[in-house]
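A.B. asks: Next comes the structure file coords.txt, holding compact mmCIF, C-alpha atoms.
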# COMPACT_ATOMS: atom_id res chain seq x y z
CA MET L 1 2.95 -17.65 -9.63
CA ALA L 2 6.52 -16.41 -9.15
CA LYS L 3 5.19 -12.87 -9.35
CA TYR L 4 2.81 -13.46 -6.41
CA VAL L 5 5.53 -15.14 -4.35
CA LYS L 6 7.73 -12.09 -4.99
CA ILE L 7 4.99 -9.67 -3.92
CA ILE L 8 4.16 -11.65 -0.77
CA SER L 9 7.81 -11.91 0.20
CA GLN L 10 8.23 -8.16 -0.35
CA LEU L 11 5.16 -7.45 1.80
CA GLY L 12 6.54 -9.76 4.49
CA ALA L 13 9.98 -8.16 4.38
CA VAL L 14 8.55 -4.65 4.76
CA PHE L 15 6.29 -5.90 7.59
CA LEU L 16 9.37 -7.28 9.37
CA LEU L 17 11.29 -4.06 8.82
CA ILE L 18 8.43 -2.04 10.28
CA ALA L 19 8.23 -4.31 13.34
CA LEU L 20 11.99 -3.91 13.71
CA GLN L 21 11.71 -0.13 13.45
CA LEU L 22 8.83 0.15 15.92
CA SER L 23 10.35 -2.10 18.58
CA LEU L 24 14.12 -2.45 18.28
CA ILE L 25 14.97 1.08 17.07
CA SER L 26 12.56 2.71 19.52
CA ALA L 27 14.24 0.83 22.39
CA LEU L 28 17.74 2.05 21.51
CA PRO L 29 19.32 4.81 23.57
CA ARG L 30 19.52 8.41 22.47
CA PRO L 31 20.44 9.45 19.75
CA PHE L 32 20.11 6.11 17.93
CA PHE L 33 16.33 5.92 18.38
CA SER L 34 15.89 8.79 15.90
CA ILE L 35 16.81 6.52 12.96
CA ASN L 36 13.86 5.99 10.59
CA LEU L 37 14.57 2.91 8.48
CA ILE L 38 11.12 2.97 6.88
CA LEU L 39 11.62 6.47 5.49
CA ILE L 40 15.00 5.53 4.02
CA LEU L 41 13.44 2.47 2.38
CA ILE L 42 10.51 4.46 0.96
CA ILE L 43 12.79 7.16 -0.50
CA PHE L 44 14.96 4.50 -2.13
CA ILE L 45 11.79 2.95 -3.54
CA VAL L 46 10.93 6.38 -5.02
CA MET L 47 14.36 6.46 -6.68
CA PHE L 48 14.45 2.75 -7.46
CA SER L 49 10.96 1.85 -8.64
CA GLY L 50 9.38 5.18 -9.46
CA PHE L 51 5.73 6.09 -9.87
CA PRO L 52 3.23 4.61 -8.96
CA LYS L 53 4.87 1.75 -7.03
CA PHE L 54 6.14 4.01 -4.27
CA ILE L 55 2.58 5.17 -3.60
CA PHE L 56 1.56 1.63 -2.76
CA TRP L 57 4.55 1.09 -0.48
CA SER L 58 4.12 4.42 1.30
CA LEU L 59 0.44 3.59 1.94
CA TYR L 60 1.31 0.09 3.13
CA ALA L 61 4.02 1.32 5.51
CA GLY L 62 1.84 4.17 6.76
CA LEU L 63 -1.11 1.83 7.36
CA LEU L 64 0.95 -0.62 9.42
CA VAL L 65 2.39 2.16 11.57
CA ASP L 66 -1.05 3.77 11.99
CA VAL L 67 -2.57 0.47 13.12
CA PHE L 68 0.19 0.01 15.70
CA ALA L 69 0.59 3.58 16.92
CA PHE L 70 -1.68 5.60 19.19
CA GLY L 71 -2.89 8.92 17.87
CA PHE L 72 -4.95 10.02 14.90
CA PHE L 73 -5.45 7.11 12.51
CA GLY L 74 -4.13 8.05 9.07
CA LEU L 75 -1.49 10.49 10.25
CA PHE L 76 1.42 8.31 9.13
CA MET L 77 -0.26 7.36 5.84
CA ILE L 78 -0.77 11.03 4.96
CA THR L 79 2.75 11.95 6.08
CA PHE L 80 4.36 9.18 4.04
CA LEU L 81 2.28 10.06 0.96
CA VAL L 82 3.09 13.78 1.18
CA THR L 83 6.80 13.04 1.72
CA THR L 84 7.10 10.62 -1.18
CA LEU L 85 5.18 12.90 -3.55
CA ILE L 86 7.43 15.85 -2.74
CA VAL L 87 10.56 13.72 -3.05
CA TYR L 88 9.28 12.34 -6.36
CA PHE L 89 8.48 15.85 -7.62
CA LEU L 90 12.04 16.97 -6.79
CA GLN L 91 13.52 13.89 -8.40
CA ILE L 92 11.71 14.14 -11.74
CA ASN L 93 12.15 17.89 -12.08
CA PHE L 94 15.43 18.87 -10.43
CA LEU L 95 17.48 15.90 -9.26
CA THR L 96 17.20 13.72 -12.31
CA ASN L 97 20.32 11.56 -12.12
CA ARG L 98 20.89 8.61 -9.81
CA SER L 99 24.15 9.62 -8.17
CA LEU L 100 25.12 9.34 -4.52
CA TYR L 101 24.78 13.11 -4.13
CA VAL L 102 21.21 12.97 -5.38
CA ALA L 103 20.43 10.09 -3.02
CA LEU L 104 21.89 12.05 -0.10
CA THR L 105 20.00 15.22 -1.08
CA LEU L 106 16.71 13.35 -1.44
CA ILE L 107 17.18 11.53 1.86
CA ALA L 108 17.94 14.81 3.63
CA LEU L 109 15.01 16.63 2.03
CA GLY L 110 12.72 13.65 2.64
CA THR L 111 13.72 13.59 6.32
CA LEU L 112 12.94 17.30 6.66
CA VAL L 113 9.62 17.03 4.80
CA PHE L 114 8.57 13.95 6.81
CA ASN L 115 9.27 15.54 10.19
CA PHE L 116 7.79 18.94 9.37
CA SER L 117 4.65 17.57 7.71
CA PHE L 118 4.07 15.15 10.61
CA GLN L 119 4.52 17.83 13.25
CA ILE L 120 2.33 20.33 11.38
CA LEU L 121 -0.44 17.75 10.90
CA GLU L 122 -0.22 16.71 14.55
CA LEU L 123 -0.39 20.36 15.60
CA ILE L 124 -3.48 20.95 13.44
CA LEU L 125 -5.18 17.78 14.70
CA GLY L 126 -4.29 18.70 18.29
CA PHE L 127 -5.87 22.11 17.75
CA PHE L 128 -9.13 20.52 16.58
CA SER L 129 -9.17 17.95 19.37
CA SER L 130 -8.41 20.68 21.94
CA SER L 131 -5.54 18.63 23.38
CA SER L 132 -2.50 20.51 24.61
CA GLN L 133 0.19 20.63 21.94
CA SER L 134 3.49 22.43 22.32
CA ILE L 135 4.83 24.05 19.16
CA PHE L 136 7.64 21.86 17.89
CA LEU L 137 9.57 24.79 16.37
CA PHE L 138 10.44 26.05 19.85
CA SER L 139 11.58 22.66 21.11
CA GLY L 140 15.35 22.28 21.32
CA PHE L 141 14.85 18.54 21.59
CA PHE L 142 13.13 18.47 18.18
CA TRP L 143 15.98 20.30 16.42
CA GLN L 144 18.60 18.17 18.13
CA GLU L 145 16.85 14.93 17.16
CA LEU L 146 16.35 16.20 13.63
CA LEU L 147 20.07 16.89 13.31
CA TYR L 148 20.92 13.40 14.57
CA GLN L 149 18.35 11.92 12.20
CA LEU L 150 19.88 13.75 9.23
CA ILE L 151 23.35 12.50 10.15
CA PHE L 152 22.25 8.88 10.65
CA HIS L 153 20.12 8.88 7.50
CA SER L 154 23.00 10.26 5.41
CA VAL L 155 25.34 7.54 6.68
CA LEU L 156 22.74 4.83 6.05
CA ALA L 157 21.97 6.27 2.61
CA VAL L 158 25.63 5.95 1.61
CA ILE L 159 25.69 2.32 2.82
CA VAL L 160 22.41 1.41 1.07
CA PHE L 161 23.44 3.24 -2.12
CA TYR L 162 26.76 1.41 -2.42
CA PHE L 163 25.11 -1.89 -1.50
CA PHE L 164 22.61 -1.49 -4.36
CA SER L 165 25.30 -0.15 -6.72
CA PHE L 166 27.26 -3.34 -6.32
CA THR L 167 24.29 -5.71 -6.35
CA THR L 168 22.04 -4.18 -9.03
CA ARG L 169 22.36 -2.10 -12.15
CA ARG L 170 19.65 0.36 -11.22
CA PHE L 171 21.93 2.74 -9.37
CA ARG L 172 24.62 2.97 -12.00
CA PRO L 173 25.04 6.68 -12.81
CA GLU L 174 22.72 7.64 -15.61
CA LEU L 175 20.62 10.61 -16.63
CA LEU L 176 16.88 10.24 -16.78
CA GLU L 177 15.43 10.95 -20.19
CA ARG L 178 13.69 14.31 -20.51
CA LYS L 179 10.84 14.61 -22.98
CA MET D 1 11.19 24.45 -18.60
CA THR D 2 8.07 22.34 -18.24
CA ARG D 3 7.41 20.63 -14.93
CA LYS D 4 6.54 16.95 -15.01
CA ARG D 5 3.19 16.19 -13.46
CA PHE D 6 2.93 14.04 -10.38
CA LEU D 7 -0.61 14.83 -9.24
CA THR D 8 -2.13 12.25 -11.54
CA LYS D 9 -5.25 10.14 -11.18
CA LYS D 10 -3.26 7.54 -9.26
CA THR D 11 -2.18 10.11 -6.69
CA TRP D 12 -5.77 11.18 -6.12
CA LEU D 13 -6.74 7.52 -5.92
CA ALA D 14 -4.18 7.05 -3.14
CA ALA D 15 -5.65 10.04 -1.29
CA ALA D 16 -9.12 8.55 -1.70
CA ILE D 17 -7.88 5.19 -0.32
CA ILE D 18 -6.50 6.97 2.76
CA ALA D 19 -9.81 8.77 3.27
CA LEU D 20 -11.65 5.45 2.90
CA LEU D 21 -9.36 3.68 5.37
CA ILE D 22 -9.82 6.49 7.92
CA PHE D 23 -13.59 6.22 7.45
CA LEU D 24 -13.50 2.42 7.84
CA HIS D 25 -11.34 2.79 10.94
CA PHE D 26 -13.70 5.19 12.66
CA THR D 27 -16.72 3.10 11.75
CA LYS D 28 -14.80 0.10 13.19
CA ILE D 29 -15.42 -1.98 10.05
CA ILE D 30 -11.73 -2.88 9.64
CA PHE D 31 -11.17 -3.67 13.33
CA PRO D 32 -10.60 -7.42 12.72
CA ILE D 33 -7.92 -6.62 10.12
CA GLU D 34 -6.34 -4.03 12.41
CA SER D 35 -6.34 -6.51 15.30
CA GLY D 36 -4.62 -9.09 13.09
CA ILE D 37 -1.95 -6.62 11.98
CA ALA D 38 -1.41 -5.35 15.53
CA TYR D 39 -1.14 -8.91 16.83
CA GLY D 40 1.45 -9.76 14.15
CA ILE D 41 3.54 -6.65 14.89
CA ASN D 42 3.27 -7.18 18.68
CA THR D 43 4.45 -10.78 18.35
CA ILE D 44 7.54 -9.82 16.35
CA ALA D 45 8.08 -6.58 18.27
CA ASP D 46 8.18 -8.43 21.59
CA ASN D 47 11.43 -10.19 20.63
CA PHE D 48 12.98 -7.17 18.94
CA TYR D 49 12.18 -4.87 21.87
CA SER D 50 13.92 -7.18 24.33
CA MET D 51 16.95 -7.17 22.03
CA GLY D 52 16.90 -3.36 21.71
CA SER D 53 16.40 -2.94 25.44
CA ASP D 54 19.34 -5.25 26.07
CA TRP D 55 21.56 -3.19 23.72
CA ARG D 56 20.34 -0.02 25.37
CA GLU D 57 21.27 -1.33 28.78
CA ARG D 58 24.66 -2.51 27.56
CA ILE D 59 25.46 0.82 25.89
CA ASN D 60 24.43 2.73 28.99
CA THR D 61 26.33 0.38 31.28
CA GLN D 62 29.51 0.61 29.22
CA LYS D 63 29.66 4.28 30.00
CA ASP D 64 30.69 3.38 33.56
CA LYS D 65 33.22 0.92 34.76
CA ALA D 66 31.83 -2.57 34.44
CA SER D 67 32.40 -3.77 37.99
CA LEU D 68 31.23 -0.51 39.50
CA ALA D 69 28.06 -0.63 37.45
CA GLU D 70 27.41 -4.19 38.60
CA ASN D 71 27.88 -3.33 42.26
CA LEU D 72 25.84 -0.18 41.91
CA ASP D 73 23.13 -2.10 40.18
CA GLN D 74 22.92 -4.63 43.01
CA ALA D 75 23.04 -1.90 45.64
CA GLN D 76 20.31 0.07 43.88
CA LYS D 77 18.16 -2.99 43.69
CA GLN D 78 18.65 -3.64 47.40
CA ILE D 79 17.94 0.00 48.24
CA ALA D 80 14.81 -0.05 46.11
CA GLU D 81 13.63 -3.24 47.81
CA LEU D 82 14.32 -1.80 51.26
CA LEU D 83 12.60 1.44 50.37
CA VAL D 84 9.57 -0.44 49.12
CA GLU D 85 9.58 -2.37 52.39
CA LYS D 86 10.02 0.84 54.40
CA ALA D 87 7.20 2.50 52.51
CA ARG D 88 4.98 -0.48 53.14
CA TRP D 89 5.69 -0.51 56.87
CA GLN D 90 5.18 3.22 57.20
CA GLN D 91 1.96 2.92 55.33
CA VAL D 92 0.79 0.01 57.44
CA GLU D 93 1.63 1.85 60.65
CA GLN D 94 -0.28 4.96 59.63
CA GLU D 95 -3.14 2.97 58.30
CA ASN D 96 -3.38 1.01 61.55
CA ASN D 97 -3.45 4.22 63.47
CA ARG D 98 -5.91 6.09 61.33
CA LEU D 99 -7.89 4.06 58.85
CA ARG D 100 -7.89 0.31 59.28
CA GLU D 101 -9.80 -0.23 56.12
CA TYR D 102 -6.81 1.10 54.17
CA LEU D 103 -5.20 -2.28 54.77
CA ASP D 104 -7.50 -3.71 52.18
CA PHE D 105 -5.95 -1.44 49.58
CA PHE D 106 -2.43 -2.10 50.67
CA SER D 107 -2.48 -5.86 50.68
CA GLU D 108 -1.04 -7.12 47.42
CA ASN D 109 -3.45 -10.01 47.28
CA ASN D 110 -6.38 -7.68 46.96
CA HIS D 111 -5.31 -6.40 43.57
CA GLN D 112 -5.55 -8.27 40.38
CA LYS D 113 -2.46 -7.89 38.22
CA ILE D 114 -2.08 -8.29 34.49
CA LEU D 115 1.43 -8.96 33.25
CA ALA D 116 2.22 -7.05 30.08
CA LYS D 117 5.28 -7.03 27.87
CA VAL D 118 6.74 -3.75 26.64
CA VAL D 119 6.88 -3.89 22.82
CA ALA D 120 7.93 -0.34 21.88
CA ARG D 121 8.56 3.17 23.07
CA GLN D 122 6.67 6.27 22.13
CA ASN D 123 9.27 7.82 19.83
CA LEU D 124 7.99 6.28 16.60
CA LEU D 125 9.78 7.52 13.48
CA VAL D 126 9.58 11.21 14.25
CA ALA D 127 12.18 13.53 15.77
CA GLY D 128 11.24 15.30 18.98
CA ASN D 129 9.11 12.61 20.61
CA SER D 130 10.29 11.51 24.05
CA GLN D 131 10.86 7.92 25.13
CA ALA D 132 8.90 8.36 28.34
CA SER D 133 5.88 6.33 27.22
CA LEU D 134 5.66 2.60 26.63
CA TYR D 135 3.60 0.42 24.29
CA LEU D 136 2.27 -2.66 26.09
CA ASP D 137 1.07 -5.87 24.41
CA LYS D 138 -2.17 -6.06 26.43
CA GLY D 139 -5.29 -4.00 25.83
CA SER D 140 -9.00 -3.72 26.50
CA ARG D 141 -9.56 -7.35 25.55
CA GLN D 142 -7.47 -8.37 28.56
CA GLY D 143 -9.32 -5.96 30.87
CA ILE D 144 -7.03 -2.95 30.75
CA TYR D 145 -8.54 0.53 30.71
CA GLU D 146 -7.36 4.14 30.98
CA GLY D 147 -5.97 5.42 34.27
CA LEU D 148 -4.72 2.11 35.69
CA GLY D 149 -1.34 2.13 37.41
CA ILE D 150 1.60 0.04 36.26
CA ILE D 151 4.32 -1.31 38.54
CA ASN D 152 7.68 -2.98 37.94
CA GLU D 153 8.84 -6.26 39.49
CA GLU D 154 9.86 -4.44 42.68
CA GLY D 155 6.38 -3.02 43.17
CA ILE D 156 7.33 0.56 42.33
CA LEU D 157 4.69 2.60 40.50
CA VAL D 158 6.34 3.39 37.15
CA GLY D 159 3.44 4.94 35.28
CA LYS D 160 -0.20 4.75 34.26
CA ILE D 161 -2.25 3.71 31.27
CA THR D 162 -3.19 6.66 29.03
CA GLU D 163 -4.67 5.04 25.91
CA VAL D 164 -6.05 1.61 25.16
CA LYS D 165 -6.70 -0.43 22.02
CA GLN D 166 -8.08 -3.95 21.79
CA ASN D 167 -4.72 -5.73 22.02
CA SER D 168 -2.34 -2.99 23.09
CA SER D 169 -2.11 0.00 25.36
CA LEU D 170 0.00 3.10 25.87
CA ALA D 171 1.42 3.86 29.29
CA CYS D 172 3.16 7.06 30.34
CA LEU D 173 6.07 6.75 32.75
CA THR D 174 6.17 8.87 35.91
CA ILE D 175 9.17 10.72 34.39
CA ASN D 176 6.94 11.86 31.51
CA GLU D 177 5.92 15.53 31.81
CA ASP D 178 2.35 14.71 30.75
CA CYS D 179 1.96 11.89 33.29
CA ARG D 180 0.18 13.07 36.44
CA VAL D 181 -0.44 10.95 39.53
CA ALA D 182 -1.99 11.95 42.87
CA ALA D 183 0.63 11.36 45.53
CA THR D 184 1.35 11.75 49.21
CA VAL D 185 4.59 12.30 51.09
CA GLU D 186 5.34 9.96 53.97
CA ASN D 187 5.94 12.80 56.43
CA GLU D 188 4.20 14.18 59.53
CA ASN D 189 1.57 16.05 57.52
CA GLN D 190 0.94 13.27 55.00
CA THR D 191 1.33 16.04 52.39
CA LEU D 192 -0.78 15.57 49.31
CA GLY D 193 0.28 16.74 45.87
CA ILE D 194 0.47 15.89 42.19
CA VAL D 195 3.54 14.28 40.67
CA ASN D 196 4.51 14.54 37.02
CA GLY D 197 7.69 14.03 35.00
CA ASN D 198 10.49 16.53 35.01
CA LEU D 199 12.53 16.73 31.76
CA GLY D 200 12.08 12.98 31.24
CA LEU D 201 14.66 12.28 33.95
CA THR D 202 13.20 12.91 37.38
CA ILE D 203 9.76 13.47 38.93
CA ALA D 204 8.39 16.76 40.22
CA MET D 205 5.78 17.02 42.96
CA ASP D 206 3.70 20.18 42.80
CA PHE D 207 0.94 21.87 44.81
CA ILE D 208 2.63 21.30 48.16
CA PRO D 209 1.54 23.92 50.74
CA GLN D 210 4.35 26.16 51.99
CA ASN D 211 3.73 25.30 55.64
CA HIS D 212 4.32 21.58 55.14
CA LYS D 213 7.80 20.44 56.03
CA LEU D 214 9.49 18.11 53.56
CA ASN D 215 12.77 16.35 54.28
CA LEU D 216 15.28 14.91 51.86
CA ASP D 217 14.86 11.15 51.40
CA ASP D 218 11.17 11.29 52.36
CA LEU D 219 9.28 8.66 50.43
CA VAL D 220 6.43 9.57 48.12
CA VAL D 221 3.64 7.08 47.49
CA SER D 222 0.39 7.08 45.57
CA SER D 223 -2.34 8.77 47.61
CA GLY D 224 -5.27 6.65 46.53
CA LEU D 225 -7.26 9.71 45.49
CA GLU D 226 -7.41 8.32 41.97
CA GLU D 227 -9.90 5.50 41.85
CA GLU D 228 -7.78 3.40 39.49
CA ILE D 229 -4.51 3.61 41.42
CA PRO D 230 -4.39 2.09 44.93
CA ALA D 231 -2.77 3.95 47.82
CA GLY D 232 0.69 3.16 49.10
CA LEU D 233 2.54 2.36 45.90
CA LEU D 234 6.04 3.79 46.02
CA ILE D 235 6.69 6.52 43.44
CA GLY D 236 10.03 8.08 44.43
CA GLN D 237 12.19 9.67 47.04
CA VAL D 238 12.57 13.40 47.70
CA SER D 239 15.97 14.60 46.48
CA GLU D 240 15.40 18.38 46.40
CA VAL D 241 12.88 20.83 47.82
CA ILE D 242 12.29 24.09 45.93
CA GLN D 243 10.74 26.77 48.12
CA HIS D 244 10.24 30.44 47.26
CA SER D 245 8.69 32.76 49.86
CA ASN D 246 6.64 34.62 47.24
CA GLU D 247 4.98 31.47 45.89
CA ILE D 248 1.81 29.79 47.14
CA TRP D 249 3.14 26.27 46.68
CA GLN D 250 6.49 24.61 47.10
CA GLN D 251 7.88 21.93 44.81
CA ALA D 252 9.78 18.73 45.46
CA ILE D 253 12.02 16.92 43.02
CA LEU D 254 11.86 13.15 43.37
CA GLU D 255 14.35 10.53 42.34
CA PRO D 256 12.58 7.74 40.43
CA LEU D 257 13.57 4.41 42.00
CA TYR D 258 13.44 2.38 38.82
CA ASN D 259 15.64 1.98 35.76
CA THR D 260 13.73 2.71 32.54
CA ASP D 261 16.18 0.53 30.57
CA LYS D 262 15.03 -2.54 32.47
CA LEU D 263 11.33 -2.13 31.89
CA THR D 264 10.56 -5.04 29.59
CA ILE D 265 7.75 -6.60 31.61
CA VAL D 266 5.36 -4.61 33.83
CA SER D 267 2.23 -5.37 35.85
CA VAL D 268 -0.98 -3.45 35.35
CA ILE D 269 -2.92 -3.21 38.62
CA ILE D 270 -6.66 -3.68 38.44
CA PRO D 271 -8.24 -2.34 41.65
CA GLN D 272 -11.07 -4.34 43.22
Could you quickly redo this structure as structure tokens?
C.D. replies:
Amino acid sequence: MAKYVKIISQLGAVFLLIALQLSLISALPRPFFSINLILILIIFIVMFSGFPKFIFWSLYAGLLVDVFAFGFFGLFMITFLVTTLIVYFLQINFLTNRSLYVALTLIALGTLVFNFSFQILELILGFFSSSSQSIFLFSGFFWQELLYQLIFHSVLAVIVFYFFSFTTRRFRPELLERK
Amino acid sequence: MTRKRFLTKKTWLAAAIIALLIFLHFTKIIFPIESGIAYGINTIADNFYSMGSDWRERINTQKDKASLAENLDQAQKQIAELLVEKARWQQVEQENNRLREYLDFFSENNHQKILAKVVARQNLLVAGNSQASLYLDKGSRQGIYEGLGIINEEGILVGKITEVKQNSSLACLTINEDCRVAATVENENQTLGIVNGNLGLTIAMDFIPQNHKLNLDDLVVSSGLEEEIPAGLLIGQVSEVIQHSNEIWQQAILEPLYNTDKLTIVSVIIPQ
């Protein structure tokens, strides 16, 4: 019973966070609206809970955003899945410890992968639907926002990392076992 | 060094679930679930958006001196109201002189309005998306459809509906580069043209013939050439005229007469 209560409360908390992201963050002035709390959460879940739990959470978050957003249904689910899989691949093969530097590197790489995979997918889908799509690589606005996003995400990653370091044991520096 | 595998059965299962969900979405089988989720997010988002919008306004206001901002705000509101009134009277005068039946379009009582709350802005999660589109909490279930105009509390045309779902809709603002509205200048020629956003800050009016004379501060209103948007709704005021002798058309830059930070509730106009 306690297990189900825990799962429901986690689902509710993520639902609330997504509503907060979609409404409150999107209403903030430039450059604050570029913050992506959901991505930070998902990357910490990759580090924190590992495979395959993060797959469920990335699908759940992507589904909620897809239902709310206008555009091709499934775009956010695919983007979140691709991002988390790449971040997970990097974590288990190259960035195996759970230090702050690893968290910062994964957040930065995850932010880049998320934005590039989303824009590429949107460009491909726009090509098939014959809607006019400008190439994001030539947009100064895109690069500027990406830079702001990287800065904000790094700052938030430090805060979240130290918060979890003090409240749980999972982020205590340790090396993952290699078989 | 051996690489650890991550493309396991569970990963492929996740990909299959996504494909299934996309299929169910396009076959509209999961519409009730989607509606429930969207309703839940809209309900929570409504409160959060107002909070975010309030912060946004405060942050932007703090950039200027507080008292000055307050006075300016009041003055702008008064100017906007007077301009709306001026536009109305000009429109009424011309309509009386030329087409009396236009009065039916102009009268506010002849249009049904649907009040909608703004729940989010377009820039969802991804860098590079502009904020010049709004998510509204009303959709096709409430009678909203693509192409309808949206006005603020002062009666200024702030944008139009571009996409609709059952319980929500997406509206582009007139400052959005992809938002196009048929417009007319309140001058001697009643110059017709198309307005669209300019860098997300101002509005540009294109396709204006070179021989038409435009003056600064001329008002620009909706022309009524679009079936879904009635004529005479104020769009902006001419602040710059760009004219090159080697071009077929001239361009006008318009000042939008509304504050995007204050758009928390809008009215969608349903023409009759």
A.B. asks: If you measure from atom CA of D:Tyr39 to atom CA of L:Val14, what distance in Å do you get, rounded to one decimal?
C.D. replies: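 Going from atom CA of D:Tyr39 over to atom CA of L:Val14 covers 16.1 Å.
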A.B. asks: May I ask which of the residues L:Leu37, L:Ala61, L:Leu95, L:Val102 is the closest one to chain D, counting only C-alpha atoms?
C.D. replies: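 Selected residue with least distance to chain D: L:Leu37.
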A.B. asks: Quick one: residues within 8 Å of (23.5, 6.1, 24.2) (file frame), counting all atoms listed in the file, please, as an NGL selection string.
C.D. replies: (:L and (28-32)) or (:D and (56 or 59-60))
A.B. asks: Between atom CA of L:Met47 and atom CA of L:Phe142, what is the spacing in Å?
C.D. replies: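 Interatomic distance here is 27.6 Å.
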A.B. asks: Go through chain L residue by residue and, counting only C-alpha atoms, keep those with an atom at most 7 Å from chain D; for each kept residue give the shortest atom pair and its distance in Å to one decimal, ordered by chain and increasing number, as a Markdown table.
C.D. replies:
| residue | atom | partner | partner_atom | distance |
| --- | --- | --- | --- | --- |
| L:Ala19 | CA | D:Ala45 | CA | 5.4 |
| L:Leu20 | CA | D:Phe48 | CA | 6.2 |
| L:Leu22 | CA | D:Ala120 | CA | 6.0 |
| L:Ser23 | CA | D:Ala120 | CA | 4.5 |
| L:Leu24 | CA | D:Gly52 | CA | 4.5 |
| L:Ile25 | CA | D:Gly52 | CA | 6.7 |
| L:Ser26 | CA | D:Arg121 | CA | 5.4 |
| L:Ala27 | CA | D:Gly52 | CA | 5.0 |
| L:Leu28 | CA | D:Arg56 | CA | 5.1 |
| L:Pro29 | CA | D:Arg56 | CA | 5.3 |
| L:Ser34 | CA | D:Ala127 | CA | 6.0 |
| L:Asn36 | CA | D:Leu125 | CA | 5.2 |
| L:Val67 | CA | D:Glu34 | CA | 5.9 |
| L:Phe68 | CA | D:Ala38 | CA | 5.6 |
| L:Phe73 | CA | D:Ile22 | CA | 6.4 |
| L:Gly74 | CA | D:Ile22 | CA | 6.0 |
| L:Met77 | CA | D:Ile18 | CA | 7.0 |
| L:Phe89 | CA | D:Phe6 | CA | 6.5 |
| L:Ile92 | CA | D:Lys4 | CA | 6.7 |
| L:Asn93 | CA | D:Arg3 | CA | 6.2 |
| L:Asn115 | CA | D:Val126 | CA | 5.9 |
| L:Phe141 | CA | D:Gly128 | CA | 5.5 |
| L:Phe142 | CA | D:Gly128 | CA | 3.8 |
| L:Glu145 | CA | D:Ala127 | CA | 5.1 |
| L:Leu146 | CA | D:Ala127 | CA | 5.4 |
A.B. asks: Atom CA of L:Phe33 and atom CA of L:Gln21 are how many Å apart?
C.D. replies: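 Computing the Euclidean distance for atom CA of L:Phe33 and atom CA of L:Gln21 yields 9.1 Å.
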A.B. asks: Nearest to D:Ala182 among D:Val266, D:Ile253, D:Ile156, D:Val220, with distances taken over all atoms listed in the file: which residue is it?
C.D. replies: D:Val220
A.B. asks: Identify which of the residues D:Glu85, D:Lys213, D:Asp206, D:Thr174 lies closest to D:Asn189, counting only C-alpha atoms when measuring atom-to-atom distances.
C.D. replies: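 When distances to D:Asn189 are compared using only C-alpha atoms, the smallest one comes from D:Lys213.
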A.B. asks: L:Ser154, L:Ser117, L:Ser49, L:Ser139: which is nearest L:Val82, counting only C-alpha atoms?
C.D. replies: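 Closest candidate: L:Ser117.
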A.B. asks: As a ChimeraX atom specification, please: the residues near D:Asn259 (cut-off 10 Å, all atoms listed in the file, same-chain neighbours under 3 positions excluded).
C.D. replies: /D:57,73,76-77,152,158,256,262-263
A.B. asks: Using only C-alpha atoms, what residues lie at most 12 Å away from (6.7, 1.4, 51.1) (file coordinates), given as an mmCIF file with C-alpha atoms, keeping the file's coordinate frame?
C.D. replies:
data_model
loop_
_atom_site.group_PDB
_atom_site.id
_atom_site.type_symbol
_atom_site.label_atom_id
_atom_site.label_comp_id
_atom_site.auth_asym_id
_atom_site.auth_seq_id
_atom_site.Cartn_x
_atom_site.Cartn_y
_atom_site.Cartn_z
ATOM 1 C CA ILE D 79 17.940 0.000 48.240
ATOM 2 C CA ALA D 80 14.810 -0.050 46.110
ATOM 3 C CA GLU D 81 13.630 -3.240 47.810
ATOM 4 C CA LEU D 82 14.320 -1.800 51.260
ATOM 5 C CA LEU D 83 12.600 1.440 50.370
ATOM 6 C CA VAL D 84 9.570 -0.440 49.120
ATOM 7 C CA GLU D 85 9.580 -2.370 52.390
ATOM 8 C CA LYS D 86 10.020 0.840 54.400
ATOM 9 C CA ALA D 87 7.200 2.500 52.510
ATOM 10 C CA ARG D 88 4.980 -0.480 53.140
ATOM 11 C CA TRP D 89 5.690 -0.510 56.870
ATOM 12 C CA GLN D 90 5.180 3.220 57.200
ATOM 13 C CA GLN D 91 1.960 2.920 55.330
ATOM 14 C CA VAL D 92 0.790 0.010 57.440
ATOM 15 C CA GLU D 93 1.630 1.850 60.650
ATOM 16 C CA GLN D 94 -0.280 4.960 59.630
ATOM 17 C CA PHE D 106 -2.430 -2.100 50.670
ATOM 18 C CA SER D 107 -2.480 -5.860 50.680
ATOM 19 C CA GLU D 154 9.860 -4.440 42.680
ATOM 20 C CA GLY D 155 6.380 -3.020 43.170
ATOM 21 C CA ILE D 156 7.330 0.560 42.330
ATOM 22 C CA LEU D 157 4.690 2.600 40.500
ATOM 23 C CA THR D 184 1.350 11.750 49.210
ATOM 24 C CA VAL D 185 4.590 12.300 51.090
ATOM 25 C CA GLU D 186 5.340 9.960 53.970
ATOM 26 C CA ASP D 218 11.170 11.290 52.360
ATOM 27 C CA LEU D 219 9.280 8.660 50.430
ATOM 28 C CA VAL D 220 6.430 9.570 48.120
ATOM 29 C CA VAL D 221 3.640 7.080 47.490
ATOM 30 C CA SER D 222 0.390 7.080 45.570
ATOM 31 C CA ALA D 231 -2.770 3.950 47.820
ATOM 32 C CA GLY D 232 0.690 3.160 49.100
ATOM 33 C CA LEU D 233 2.540 2.360 45.900
ATOM 34 C CA LEU D 234 6.040 3.790 46.020
ATOM 35 C CA ILE D 235 6.690 6.520 43.440
ATOM 36 C CA GLY D 236 10.030 8.080 44.430
ATOM 37 C CA GLN D 237 12.190 9.670 47.040
ATOM 38 C CA LEU D 257 13.570 4.410 42.000
#
